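K.L.:
So here's run_12.pdb (PDB, C-alpha atoms, pLDDT in the B column).
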```
ATOM      1  CA  MET D 315      65.155 112.896  73.074  1.00 74.00           C
ATOM      2  CA  ASN D 316      68.461 111.226  72.522  1.00 91.00           C
ATOM      3  CA  PHE D 317      71.466 112.534  74.459  1.00 92.00           C
ATOM      4  CA  ASP D 318      73.489 112.677  71.246  1.00 92.00           C
ATOM      5  CA  ARG D 319      70.902 114.997  69.654  1.00 93.00           C
ATOM      6  CA  ILE D 320      71.009 117.312  72.673  1.00 93.00           C
ATOM      7  CA  ILE D 321      74.805 117.564  72.480  1.00 94.00           C
ATOM      8  CA  THR D 322      74.623 118.192  68.727  1.00 93.00           C
ATOM      9  CA  MET D 323      72.031 120.919  69.240  1.00 94.00           C
ATOM     10  CA  ILE D 324      74.174 122.677  71.854  1.00 94.00           C
ATOM     11  CA  ILE D 325      77.274 122.452  69.657  1.00 95.00           C
ATOM     12  CA  ARG D 326      75.359 123.943  66.715  1.00 94.00           C
ATOM     13  CA  GLN D 327      74.105 126.856  68.835  1.00 94.00           C
ATOM     14  CA  VAL D 328      77.603 127.620  70.123  1.00 95.00           C
ATOM     15  CA  THR D 329      79.067 127.338  66.628  1.00 94.00           C
ATOM     16  CA  ARG D 330      76.376 129.635  65.211  1.00 92.00           C
ATOM     17  CA  ARG D 331      77.082 132.270  67.854  1.00 93.00           C
ATOM     18  CA  LEU D 332      80.825 132.115  67.265  1.00 93.00           C
ATOM     19  CA  VAL D 333      80.410 132.399  63.497  1.00 92.00           C
ATOM     20  CA  ASN D 334      78.034 135.346  63.906  1.00 88.00           C
ATOM     21  CA  ARG D 335      80.527 137.049  66.204  1.00 90.00           C
ATOM     22  CA  GLY D 336      83.264 136.483  63.631  1.00 89.00           C
ATOM     23  CA  VAL D 337      81.090 137.880  60.848  1.00 87.00           C
ATOM     24  CA  ASP D 338      80.283 140.940  62.944  1.00 83.00           C
ATOM     25  CA  ALA D 339      83.973 141.458  63.698  1.00 84.00           C
ATOM     26  CA  GLY D 340      84.832 141.110  60.007  1.00 83.00           C
ATOM     27  CA  ILE D 341      82.176 143.632  59.042  1.00 78.00           C
ATOM     28  CA  GLY D 342      83.479 145.973  61.707  1.00 75.00           C
ATOM     29  CA  MET D 343      87.008 145.635  60.384  1.00 79.00           C
ATOM     30  CA  ALA D 344      85.870 146.165  56.798  1.00 77.00           C
ATOM     31  CA  THR D 345      83.908 149.280  57.699  1.00 69.00           C
ATOM     32  CA  GLY D 346      86.780 150.684  59.724  1.00 67.00           C
ATOM     33  CA  LYS D 347      85.268 150.413  63.191  1.00 63.00           C
ATOM     34  CA  GLY D 348      87.739 147.762  64.285  1.00 60.00           C
ATOM     35  CA  ARG D 349      90.885 149.654  63.424  1.00 58.00           C
ATOM     36  CA  GLY D 350      92.401 149.309  66.861  1.00 55.00           C
ATOM     37  CA  ARG D 351      95.626 151.228  67.245  1.00 52.00           C
ATOM     38  CA  GLN D 352      96.507 153.467  64.351  1.00 54.00           C
ATOM     39  CA  THR D 353     100.224 152.919  64.065  1.00 53.00           C
ATOM     40  CA  ASP D 354     100.498 153.673  60.361  1.00 58.00           C
ATOM     41  CA  GLY D 355      99.834 157.370  60.830  1.00 57.00           C
ATOM     42  CA  ALA D 356      96.239 157.213  59.662  1.00 63.00           C
ATOM     43  CA  ALA D 357      94.042 160.018  60.891  1.00 67.00           C
ATOM     44  CA  ALA D 358      90.836 159.511  62.823  1.00 73.00           C
ATOM     45  CA  PRO D 359      87.835 158.719  60.629  1.00 73.00           C
ATOM     46  CA  THR D 360      86.001 161.717  59.275  1.00 83.00           C
ATOM     47  CA  PRO D 361      82.280 162.161  59.996  1.00 85.00           C
ATOM     48  CA  GLU D 362      81.532 161.005  56.450  1.00 86.00           C
ATOM     49  CA  GLU D 363      83.529 157.813  57.004  1.00 82.00           C
ATOM     50  CA  GLN D 364      81.758 157.233  60.310  1.00 83.00           C
ATOM     51  CA  GLN D 365      78.360 157.694  58.659  1.00 88.00           C
ATOM     52  CA  SER D 366      79.342 155.345  55.837  1.00 87.00           C
ATOM     53  CA  ALA D 367      80.529 152.729  58.331  1.00 83.00           C
ATOM     54  CA  ARG D 368      77.292 153.043  60.288  1.00 88.00           C
ATOM     55  CA  ALA D 369      75.244 152.613  57.113  1.00 90.00           C
ATOM     56  CA  ALA D 370      77.260 149.553  56.096  1.00 87.00           C
ATOM     57  CA  LYS D 371      76.769 147.969  59.500  1.00 87.00           C
ATOM     58  CA  GLN D 372      73.019 148.627  59.367  1.00 91.00           C
ATOM     59  CA  ALA D 373      72.843 147.121  55.876  1.00 90.00           C
ATOM     60  CA  ALA D 374      74.674 144.033  57.105  1.00 88.00           C
ATOM     61  CA  ARG D 375      72.287 143.748  60.054  1.00 90.00           C
ATOM     62  CA  ARG D 376      69.295 143.978  57.708  1.00 92.00           C
ATOM     63  CA  ALA D 377      70.834 141.310  55.461  1.00 89.00           C
ATOM     64  CA  ARG D 378      71.307 138.962  58.431  1.00 88.00           C
ATOM     65  CA  GLN D 379      67.698 139.561  59.515  1.00 91.00           C
ATOM     66  CA  ALA D 380      66.442 138.865  55.999  1.00 90.00           C
ATOM     67  CA  ALA D 381      68.465 135.652  55.867  1.00 88.00           C
ATOM     68  CA  LYS D 382      67.064 134.587  59.229  1.00 88.00           C
ATOM     69  CA  ILE D 383      63.492 135.251  58.100  1.00 89.00           C
ATOM     70  CA  THR D 384      64.126 133.375  54.861  1.00 88.00           C
ATOM     71  CA  ARG D 385      65.403 130.358  56.803  1.00 86.00           C
ATOM     72  CA  ARG D 386      62.302 130.417  59.001  1.00 86.00           C
ATOM     73  CA  LEU D 387      59.992 130.448  55.991  1.00 85.00           C
ATOM     74  CA  ARG D 388      61.559 127.335  54.479  1.00 74.00           C
TER      75      ARG D 388
END
```
Step by step, read the file and then write its structure as structure tokens.

P.N.:
Amino acid sequence: MNFDRIITMIIRQVTRRLVNRGVDAGIGMATGKGRGRQTDGAAAPTPEEQQSARAAKQAARRARQAAKITRRLR
């Protein structure tokens, strides 16, 4: 195997992991899990909001798994 191909493969794996981490962080922010400090006076999330956020994160996880399976089938 060519050394250039090995380097390219490693770079792609690192890039994929970083992008996935960014997507996960974005989903967390969109669902309200990544709020950080609440300086704007917002109250803590209600149990309904927490359940909704959990469901959204699970749906995103299932979508990523489906995309991964689809890529494998091609």

K.L.:
Please write as a PDB file with C-alpha atoms, in the coordinates of the input the full residue list that the PyMOL selection byres ((chain D and resi 332-346) around 9) yields on this file.

P.N.:
```pdb
ATOM      1  CA  GLN D 327      74.105 126.856  68.835  1.00 94.00           C
ATOM      2  CA  VAL D 328      77.603 127.620  70.123  1.00 95.00           C
ATOM      3  CA  THR D 329      79.067 127.338  66.628  1.00 94.00           C
ATOM      4  CA  ARG D 330      76.376 129.635  65.211  1.00 92.00           C
ATOM      5  CA  ARG D 331      77.082 132.270  67.854  1.00 93.00           C
ATOM      6  CA  LYS D 347      85.268 150.413  63.191  1.00 63.00           C
ATOM      7  CA  GLY D 348      87.739 147.762  64.285  1.00 60.00           C
ATOM      8  CA  ARG D 349      90.885 149.654  63.424  1.00 58.00           C
ATOM      9  CA  PRO D 359      87.835 158.719  60.629  1.00 73.00           C
ATOM     10  CA  GLU D 363      83.529 157.813  57.004  1.00 82.00           C
ATOM     11  CA  GLN D 364      81.758 157.233  60.310  1.00 83.00           C
ATOM     12  CA  SER D 366      79.342 155.345  55.837  1.00 87.00           C
ATOM     13  CA  ALA D 367      80.529 152.729  58.331  1.00 83.00           C
ATOM     14  CA  ARG D 368      77.292 153.043  60.288  1.00 88.00           C
ATOM     15  CA  ALA D 370      77.260 149.553  56.096  1.00 87.00           C
ATOM     16  CA  LYS D 371      76.769 147.969  59.500  1.00 87.00           C
ATOM     17  CA  ALA D 374      74.674 144.033  57.105  1.00 88.00           C
ATOM     18  CA  ARG D 375      72.287 143.748  60.054  1.00 90.00           C
TER      19      ARG D 375
END
```

K.L.:
Please, what distance in Å, to one decimal, runs between atom CA of D:Arg385 and atom CA of D:Arg326?

P.N.:
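It comes out at 15.4 Å.
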
K.L.:
Grab the atom CA of D:Pro361 to atom CA of D:Ala377 distance for me, in Å with one decimal place.

P.N.:
24.2 Å

K.L.:
So the first atom is atom CA of D:Ile325 and the second is atom CA of D:Lys382; what is the distance between them in Å, to one decimal place?

P.N.:
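It comes out at 19.0 Å.
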